[in-house]
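Chemist: My questions will all concern the structure given below.
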Amino acid sequence: MPRPADSSANRRPASPVLRLLEGVDRLTEWLEKSVLGASVLFLAALLIIHVLGRQLFGNGVTGQVELTQMSLVIMTFAGLGYAVRRARHISMSAFFDQLSGRPRKILLIIISLGTGALMFYLAWYAGEYVATMAERGRTSSALQIPLWIPYLAAPIGLLLAGIQFWLTAVRNLTSRDTYRSFSEKDEYLAAPDDSTP
C-alpha cells in the first residue's frame with residue numbers, strides 16, 4: 001500500500017512552483033471531498049426519507065430514482081480525481097512492477113503524462129456533450145431537472161483527474177523519490193509475517 005509523502009529532513013525545500021502546485025492539490029482535494037461528502041449524505045438522507053415515507057405514509061419521494069442516478073453520476077466523477085490523488089485507481093502494472101529505480105520512475109512519468117492528456121481529452125468531449133445537452137434543453141422525466149447540471153460532474157471530474165496525473169509527473173520530475181501520486185510515495189508495506197507470535 002502506498003505511503004503518504006513525509007516531510008523528512010532529507011527533503012529539499014520546496015520551490016515556489018511546487019508550493020503553488022501543493023496549494024492546487026489541497027484545493028482540489030477539498031473540492032472533491034466536499035462534493036463526495038455532500039453527495040453521500042444527500043443520497044443517504046434521500047433513501048432514508050423515501051423508505052420512511054413509503055412505510056409510514058404509503059408514498060415515497062417523487063423522483064427518488066432520478067435523484068439517486070444523478071447522485072451516483074456525481075459521486076463517480078467527483079471520486080475519479082480523489083482516487084488518482086490517493087493512488088487507488090486501477091492500473092495495469094505487470095510490466096511496471098518488474099522495473100525498479102530510474103526506468104520505473106521514467107515509465108511512471110510517461111504513464112502520468114499520457115493518462116493526464118487522455119483525461120483532458122475526455123474532459124473536452126464530455127464538456128461538449130454537456131453543452132449540447134444544455135442547448136437542447138434536455139430534462140429529467142419526473143422532476144424536469146436540466147440534465148446538464150448533474151452531468152457537469154463528468155468534465156469537471158475528468159479535468160481534476162488529469163490535473164492529478166500531471167501533478168504526479170511534476171512531483172516525479174522534481175523529486176529524488178518515486179511517487180505514485182502527488183502525495184503518495186511508491187513504497188509498499190511488507191506483508192505481516194504470520195509465523196511470529
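Letters for chains follow the order of the C-alpha cells (A, B, ...), residue numbers begin at 1 for each chain, and ligand numbers begin at 1 in the order shown.
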Enumerate as a ChimeraX atom specification all residues of chain A assigned to alpha helix (DSSP H) by DSSP on the backbone, naming them with the chain letters and numbers the document uses.

Modeler: /A:16-57,64-85,101-136,148-151,153-174

Chemist: For the selection you just gave me, I'd like the residues written to a file as a CSV table (one decimal), in the first residue's frame, keeping C-alpha atoms.

Modeler:
```csv
chain,number,residue,atom,x,y,z
A,16,PRO,CA,7.6,28.4,-5.3
A,17,VAL,CA,6.2,26.4,-8.2
A,18,LEU,CA,6.0,23.3,-6.0
A,19,ARG,CA,4.3,25.2,-3.2
A,20,LEU,CA,1.8,26.6,-5.7
A,21,LEU,CA,1.2,23.0,-7.0
A,22,GLU,CA,0.7,21.8,-3.4
A,23,GLY,CA,-1.8,24.6,-3.0
A,24,VAL,CA,-3.6,23.4,-6.1
A,25,ASP,CA,-3.5,19.9,-4.8
A,26,ARG,CA,-5.0,20.9,-1.5
A,27,LEU,CA,-7.7,23.0,-3.1
A,28,THR,CA,-8.8,20.2,-5.5
A,29,GLU,CA,-8.7,17.7,-2.6
A,30,TRP,CA,-11.0,20.0,-0.6
A,31,LEU,CA,-13.4,20.3,-3.5
A,32,GLU,CA,-13.5,16.6,-4.2
A,33,LYS,CA,-14.0,15.7,-0.5
A,34,SER,CA,-16.8,18.3,-0.2
A,35,VAL,CA,-18.6,17.1,-3.3
A,36,LEU,CA,-18.2,13.4,-2.4
A,37,GLY,CA,-19.3,14.0,1.2
A,38,ALA,CA,-22.3,16.1,0.3
A,39,SER,CA,-23.4,13.6,-2.4
A,40,VAL,CA,-23.1,10.6,0.0
A,41,LEU,CA,-25.0,12.5,2.8
A,42,PHE,CA,-27.7,13.6,0.3
A,43,LEU,CA,-28.1,10.1,-1.1
A,44,ALA,CA,-28.3,8.6,2.4
A,45,ALA,CA,-30.9,11.1,3.5
A,46,LEU,CA,-32.9,10.7,0.3
A,47,LEU,CA,-33.1,7.0,0.6
A,48,ILE,CA,-34.0,7.1,4.3
A,49,ILE,CA,-36.7,9.7,3.8
A,50,HIS,CA,-38.0,7.7,0.8
A,51,VAL,CA,-38.2,4.4,2.8
A,52,LEU,CA,-39.8,6.1,5.8
A,53,GLY,CA,-42.3,7.9,3.5
A,54,ARG,CA,-43.3,4.6,1.8
A,55,GLN,CA,-43.6,2.7,5.1
A,56,LEU,CA,-45.4,5.4,7.1
A,57,PHE,CA,-47.4,7.2,4.5
A,64,GLN,CA,-36.2,9.4,-6.0
A,65,VAL,CA,-34.8,7.1,-8.8
A,66,GLU,CA,-33.7,10.1,-10.9
A,67,LEU,CA,-32.1,11.8,-7.9
A,68,THR,CA,-30.3,8.6,-7.0
A,69,GLN,CA,-29.0,8.2,-10.5
A,70,MET,CA,-27.8,11.8,-10.7
A,71,SER,CA,-26.1,11.5,-7.3
A,72,LEU,CA,-24.3,8.3,-8.4
A,73,VAL,CA,-23.0,10.1,-11.6
A,74,ILE,CA,-21.7,13.0,-9.5
A,75,MET,CA,-20.1,10.7,-7.0
A,76,THR,CA,-18.4,8.6,-9.7
A,77,PHE,CA,-16.8,11.5,-11.4
A,78,ALA,CA,-16.0,13.5,-8.3
A,79,GLY,CA,-14.3,10.4,-6.9
A,80,LEU,CA,-12.1,10.0,-10.0
A,81,GLY,CA,-9.6,12.7,-9.1
A,82,TYR,CA,-9.6,11.6,-5.5
A,83,ALA,CA,-8.8,8.0,-6.5
A,84,VAL,CA,-5.9,9.3,-8.6
A,85,ARG,CA,-4.7,11.5,-5.7
A,101,GLY,CA,15.0,2.6,-10.0
A,102,ARG,CA,15.3,5.1,-12.8
A,103,PRO,CA,13.5,3.1,-15.5
A,104,ARG,CA,10.5,2.6,-13.2
A,105,LYS,CA,10.4,6.4,-12.5
A,106,ILE,CA,10.7,7.3,-16.2
A,107,LEU,CA,7.8,4.9,-17.1
A,108,LEU,CA,5.7,6.4,-14.3
A,109,ILE,CA,6.3,9.9,-15.6
A,110,ILE,CA,5.3,8.8,-19.2
A,111,ILE,CA,2.2,7.0,-17.9
A,112,SER,CA,1.2,10.0,-15.8
A,113,LEU,CA,1.6,12.5,-18.7
A,114,GLY,CA,-0.1,10.2,-21.2
A,115,THR,CA,-3.0,9.4,-18.9
A,116,GLY,CA,-3.4,13.0,-17.8
A,117,ALA,CA,-3.5,14.1,-21.5
A,118,LEU,CA,-6.2,11.4,-22.1
A,119,MET,CA,-8.2,12.7,-19.1
A,120,PHE,CA,-8.1,16.3,-20.6
A,121,TYR,CA,-9.2,15.0,-24.0
A,122,LEU,CA,-12.1,13.1,-22.4
A,123,ALA,CA,-13.0,16.2,-20.3
A,124,TRP,CA,-13.1,18.3,-23.5
A,125,TYR,CA,-15.5,15.9,-25.2
A,126,ALA,CA,-17.6,15.5,-22.0
A,127,GLY,CA,-17.8,19.3,-21.8
A,128,GLU,CA,-19.1,19.4,-25.4
A,129,TYR,CA,-21.7,16.7,-24.6
A,130,VAL,CA,-22.9,18.7,-21.6
A,131,ALA,CA,-23.1,21.9,-23.7
A,132,THR,CA,-25.1,20.0,-26.3
A,133,MET,CA,-27.5,18.8,-23.6
A,134,ALA,CA,-27.9,22.3,-22.3
A,135,GLU,CA,-28.6,23.7,-25.8
A,136,ARG,CA,-31.2,21.1,-26.5
A,148,TRP,CA,-26.6,19.2,-17.9
A,149,ILE,CA,-26.4,20.1,-14.2
A,150,PRO,CA,-25.6,16.6,-12.8
A,151,TYR,CA,-23.7,15.6,-16.0
A,153,ALA,CA,-19.6,16.4,-12.9
A,154,ALA,CA,-18.2,14.4,-15.8
A,155,PRO,CA,-16.0,17.0,-17.4
A,156,ILE,CA,-15.1,18.5,-14.0
A,157,GLY,CA,-14.1,15.1,-12.6
A,158,LEU,CA,-12.1,14.2,-15.7
A,159,LEU,CA,-10.3,17.6,-15.6
A,160,LEU,CA,-9.4,17.1,-11.9
A,161,ALA,CA,-8.1,13.6,-12.7
A,162,GLY,CA,-6.0,15.0,-15.5
A,163,ILE,CA,-4.6,17.6,-13.1
A,164,GLN,CA,-3.7,14.9,-10.6
A,165,PHE,CA,-1.9,12.8,-13.2
A,166,TRP,CA,0.1,15.8,-14.3
A,167,LEU,CA,0.9,16.7,-10.7
A,168,THR,CA,2.2,13.2,-10.3
A,169,ALA,CA,4.5,13.7,-13.3
A,170,VAL,CA,5.7,17.0,-11.9
A,171,ARG,CA,6.4,15.5,-8.5
A,172,ASN,CA,8.4,12.8,-10.1
A,173,LEU,CA,10.4,15.2,-12.2
A,174,THR,CA,11.3,17.4,-9.2
```

Chemist: So how many Å separate atom CA of Ser141 of chain A and atom CA of Thr62 of chain A, to one decimal?

Modeler: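 Rounded to one decimal, the two atoms are 11.2 Å apart.
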
Chemist: Work out how far atom CA of Leu152 of chain A is from atom CA of Thr139 of chain A, in Å to one decimal.

Modeler: 13.5 Å
